[in-house]
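A short write-up of the structure that comes next.
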Amino acid sequence: MTAKGMAADKDFLILESYASEGVPRLVDGDAKLARLECSPASTFKVIIAWAGLETGAVTLDTKIEVGDRHIKNTPRELNLRQALYFSSNDYFITLAQKIGKEKLTEYAEKSGMFRGEIPEDWLGEEWRPVIKGGDLYTTPMQNHLFMRKIAFGNLTENKEVGRDLTRALSWPTTHPMVQLYGKTGVWGGAVWFNGFGSKQRNRRVRTVFMQGS
């Protein structure tokens, strides 16, 4: 699957917003890419994590043995935060199967990451494509707005689930005042970082998107 849409003057963009800002602003790059339809790649794993937490299929402490070749010392057990940080395909395939396609479709629709209704055949017959959202397309703007919901506590009415999802997205940091949260993804010409940073309770959401070959 490749990114599809208009040609761009630059092959990247950076979107940014704070809680007080309803419309993300362009920090750098080509503004036209904000509407480019492309694969969510592994940023879709955030939806799987959310659905898993909300349905009770997973907790922050749930460990699953994985054998991903890109993760050191596998086979090994990972919890949810580690699985997101290392972007374990095995973990999220297993979790997606526990949740089920029907529920995943429901959460993909509720996320706002995708336009309109989710087609019934978005995943196909195999489970492995679930780690990149199957045949679904998003845009950098839609993905940014989805992350805003997480960052500012508007994704779910279940506050405990919202807090757990935020904790699961946390990255290791040595800075005493700044905590980073987010998810990367690479697939089909789309390269992502989608996340936010917290500094003294002031959260800033950033989406970095690059259009590859």
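Chains: A, B, ... in order of the structure tokens. Residues: from 1 per chain. Ligands: from 1, in order shown.
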
Please report as a Markdown table every residue of stretch 81-194 of chain A lying within 10 Å of stretch 28-38 of chain A, along with the nearest atom pair and their distance in Å (one decimal), using only C-alpha atoms.
```
| residue | atom | partner | partner_atom | distance |
| --- | --- | --- | --- | --- |
| A:Phe114 | CA | A:Glu37 | CA | 9.6 |
| A:Asp135 | CA | A:Cys38 | CA | 9.8 |
| A:Leu136 | CA | A:Cys38 | CA | 8.2 |
| A:Tyr137 | CA | A:Cys38 | CA | 5.0 |
| A:Thr138 | CA | A:Glu37 | CA | 5.4 |
| A:Thr139 | CA | A:Glu37 | CA | 4.9 |
| A:Pro140 | CA | A:Ala34 | CA | 5.0 |
| A:Met141 | CA | A:Ala34 | CA | 5.1 |
| A:Gln142 | CA | A:Arg35 | CA | 8.2 |
| A:Asn143 | CA | A:Ala34 | CA | 9.6 |
| A:His144 | CA | A:Ala34 | CA | 9.4 |
| A:Trp187 | CA | A:Cys38 | CA | 9.1 |
| A:Gly188 | CA | A:Cys38 | CA | 8.0 |
| A:Gly189 | CA | A:Cys38 | CA | 7.9 |
| A:Ala190 | CA | A:Cys38 | CA | 6.4 |
| A:Val191 | CA | A:Cys38 | CA | 9.7 |
```

(request) Any chance you could list, as a ChimeraX atom specification, the residues in stretch 5-131 of chain A that come up alpha helix (DSSP H) when DSSP is run on the backbone? (result) /A:45-55,80-86,89-99,101-111

Limited to N, CA, C and O atoms, could you put the picked residues into a file as a compact mmCIF listing (two decimals), in the first residue's frame?
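Okay, part.txt is ready:
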```txt
# COMPACT_ATOMS: atom_id res chain seq x y z
N LYS A 45 -1.80 0.95 15.94
CA LYS A 45 -1.67 0.15 17.16
C LYS A 45 -2.22 0.89 18.38
O LYS A 45 -2.60 0.25 19.37
N VAL A 46 -2.27 2.21 18.31
CA VAL A 46 -2.85 2.98 19.41
C VAL A 46 -4.35 2.69 19.52
O VAL A 46 -4.89 2.58 20.62
N ILE A 47 -5.01 2.54 18.38
CA ILE A 47 -6.43 2.19 18.39
C ILE A 47 -6.63 0.79 18.95
O ILE A 47 -7.56 0.54 19.72
N ILE A 48 -5.76 -0.14 18.59
CA ILE A 48 -5.85 -1.50 19.13
C ILE A 48 -5.67 -1.47 20.65
O ILE A 48 -6.40 -2.13 21.39
N ALA A 49 -4.69 -0.68 21.11
CA ALA A 49 -4.45 -0.56 22.56
C ALA A 49 -5.66 0.02 23.26
O ALA A 49 -6.08 -0.45 24.33
N TRP A 50 -6.23 1.08 22.70
CA TRP A 50 -7.43 1.70 23.27
C TRP A 50 -8.59 0.71 23.35
O TRP A 50 -9.22 0.56 24.39
N ALA A 51 -8.85 0.04 22.24
CA ALA A 51 -9.95 -0.94 22.22
C ALA A 51 -9.70 -2.05 23.23
O ALA A 51 -10.63 -2.51 23.91
N GLY A 52 -8.44 -2.48 23.36
CA GLY A 52 -8.11 -3.53 24.31
C GLY A 52 -8.35 -3.10 25.74
O GLY A 52 -8.89 -3.86 26.56
N LEU A 53 -7.94 -1.87 26.08
CA LEU A 53 -8.15 -1.35 27.43
C LEU A 53 -9.63 -1.16 27.73
O LEU A 53 -10.11 -1.50 28.81
N GLU A 54 -10.36 -0.63 26.77
CA GLU A 54 -11.77 -0.32 26.98
C GLU A 54 -12.61 -1.59 27.12
O GLU A 54 -13.57 -1.64 27.91
N THR A 55 -12.26 -2.63 26.37
CA THR A 55 -13.04 -3.87 26.41
C THR A 55 -12.56 -4.84 27.47
O THR A 55 -13.19 -5.88 27.69
N LEU A 80 2.06 -3.81 27.78
CA LEU A 80 1.47 -2.95 26.77
C LEU A 80 2.35 -1.75 26.43
O LEU A 80 2.52 -1.41 25.25
N ARG A 81 2.89 -1.10 27.44
CA ARG A 81 3.74 0.07 27.16
C ARG A 81 4.97 -0.32 26.37
O ARG A 81 5.36 0.36 25.40
N GLN A 82 5.61 -1.43 26.74
CA GLN A 82 6.78 -1.90 26.00
C GLN A 82 6.42 -2.27 24.57
O GLN A 82 7.18 -2.00 23.63
N ALA A 83 5.25 -2.88 24.40
CA ALA A 83 4.82 -3.30 23.06
C ALA A 83 4.60 -2.09 22.15
O ALA A 83 4.92 -2.13 20.96
N LEU A 84 4.06 -1.01 22.71
CA LEU A 84 3.89 0.21 21.92
C LEU A 84 5.23 0.87 21.62
O LEU A 84 5.50 1.29 20.49
N TYR A 85 6.09 0.94 22.63
CA TYR A 85 7.39 1.60 22.45
C TYR A 85 8.25 0.86 21.43
O TYR A 85 8.87 1.49 20.56
N PHE A 86 8.29 -0.47 21.52
CA PHE A 86 9.08 -1.26 20.57
C PHE A 86 8.30 -1.58 19.30
O PHE A 86 8.85 -2.19 18.39
N ASN A 89 4.81 -6.16 16.49
CA ASN A 89 3.73 -6.67 15.63
C ASN A 89 3.04 -7.87 16.27
O ASN A 89 1.82 -7.98 16.25
N ASP A 90 3.84 -8.76 16.84
CA ASP A 90 3.28 -9.98 17.44
C ASP A 90 2.30 -9.65 18.55
O ASP A 90 1.24 -10.27 18.67
N TYR A 91 2.64 -8.69 19.40
CA TYR A 91 1.78 -8.32 20.52
C TYR A 91 0.42 -7.84 20.03
O TYR A 91 -0.62 -8.28 20.52
N PHE A 92 0.43 -6.97 19.04
CA PHE A 92 -0.82 -6.36 18.61
C PHE A 92 -1.65 -7.24 17.69
O PHE A 92 -2.87 -7.09 17.62
N ILE A 93 -1.02 -8.18 17.02
CA ILE A 93 -1.80 -9.19 16.29
C ILE A 93 -2.55 -10.06 17.29
O ILE A 93 -3.76 -10.33 17.14
N THR A 94 -1.85 -10.50 18.33
CA THR A 94 -2.48 -11.33 19.37
C THR A 94 -3.60 -10.56 20.06
O THR A 94 -4.71 -11.09 20.27
N LEU A 95 -3.34 -9.30 20.43
CA LEU A 95 -4.35 -8.49 21.10
C LEU A 95 -5.55 -8.23 20.20
O LEU A 95 -6.70 -8.32 20.64
N ALA A 96 -5.31 -7.94 18.94
CA ALA A 96 -6.41 -7.69 18.00
C ALA A 96 -7.32 -8.90 17.87
O ALA A 96 -8.54 -8.77 17.81
N GLN A 97 -6.73 -10.09 17.85
CA GLN A 97 -7.53 -11.30 17.76
C GLN A 97 -8.39 -11.49 19.00
O GLN A 97 -9.53 -11.98 18.91
N LYS A 98 -7.87 -11.10 20.17
CA LYS A 98 -8.64 -11.19 21.40
C LYS A 98 -9.83 -10.21 21.37
O LYS A 98 -10.92 -10.51 21.88
N ILE A 99 -9.61 -9.04 20.81
CA ILE A 99 -10.66 -8.03 20.74
C ILE A 99 -11.73 -8.42 19.72
O ILE A 99 -12.93 -8.28 19.98
N LYS A 101 -12.66 -8.57 15.25
CA LYS A 101 -12.78 -7.61 14.15
C LYS A 101 -13.96 -6.66 14.36
O LYS A 101 -13.87 -5.46 14.06
N GLU A 102 -15.07 -7.17 14.85
CA GLU A 102 -16.26 -6.33 15.01
C GLU A 102 -15.99 -5.17 15.97
O GLU A 102 -16.33 -4.01 15.67
N LYS A 103 -15.39 -5.46 17.11
CA LYS A 103 -15.08 -4.41 18.07
C LYS A 103 -14.00 -3.45 17.55
O LYS A 103 -14.07 -2.24 17.76
N LEU A 104 -13.00 -3.99 16.86
CA LEU A 104 -11.96 -3.13 16.31
C LEU A 104 -12.54 -2.16 15.28
O LEU A 104 -12.15 -0.99 15.23
N THR A 105 -13.47 -2.65 14.49
CA THR A 105 -14.12 -1.79 13.51
C THR A 105 -14.86 -0.66 14.22
O THR A 105 -14.82 0.51 13.82
N GLU A 106 -15.54 -1.00 15.30
CA GLU A 106 -16.28 -0.01 16.09
C GLU A 106 -15.35 1.07 16.63
O GLU A 106 -15.65 2.28 16.55
N TYR A 107 -14.19 0.67 17.17
CA TYR A 107 -13.27 1.64 17.74
C TYR A 107 -12.54 2.45 16.67
O TYR A 107 -12.23 3.63 16.88
N ALA A 108 -12.28 1.84 15.53
CA ALA A 108 -11.68 2.58 14.42
C ALA A 108 -12.62 3.69 13.97
O ALA A 108 -12.19 4.82 13.68
N GLU A 109 -13.92 3.39 13.92
CA GLU A 109 -14.90 4.41 13.53
C GLU A 109 -14.99 5.51 14.58
O GLU A 109 -15.05 6.70 14.26
N LYS A 110 -15.00 5.13 15.87
CA LYS A 110 -15.13 6.12 16.95
C LYS A 110 -13.89 6.99 17.08
O LYS A 110 -13.96 8.10 17.62
N SER A 111 -12.75 6.50 16.63
CA SER A 111 -11.50 7.22 16.82
C SER A 111 -11.46 8.56 16.08
O SER A 111 -10.81 9.50 16.52
```

(request) Please run DSSP on the backbone and report, as JSON, numbers by chain, all residues within stretch 45-126 of chain A that come out as strand (DSSP E). (result) {"A": [64, 65, 66, 76, 77, 78]}

(message) Residues within 9 Å of A:Tyr18, please, as a PyMOL selection string. Count only C-alpha atoms; anything in the same chain fewer than 3 positions from it doesn't count.
(response) chain A and resi 21-22+24+148+202-205

(request) Within 10 Å of A:Pro172, counting only C-alpha atoms, which residues show up once you throw out same-chain ones fewer than 6 positions away? Write them as number ranges by chain, please. (result) A: 85, 179-181

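You can rank A:Arg167, A:Arg206, A:Lys183, A:Lys132 by their closest distance to A:Ala41 using only C-alpha atoms, and at the top of that list sits A:Lys132.
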
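Compared by their closest atoms to A:Lys63, and using only C-alpha atoms, the residues A:Asn79, A:Ser42, A:Thr166, A:Thr156 rank with A:Asn79 nearest.
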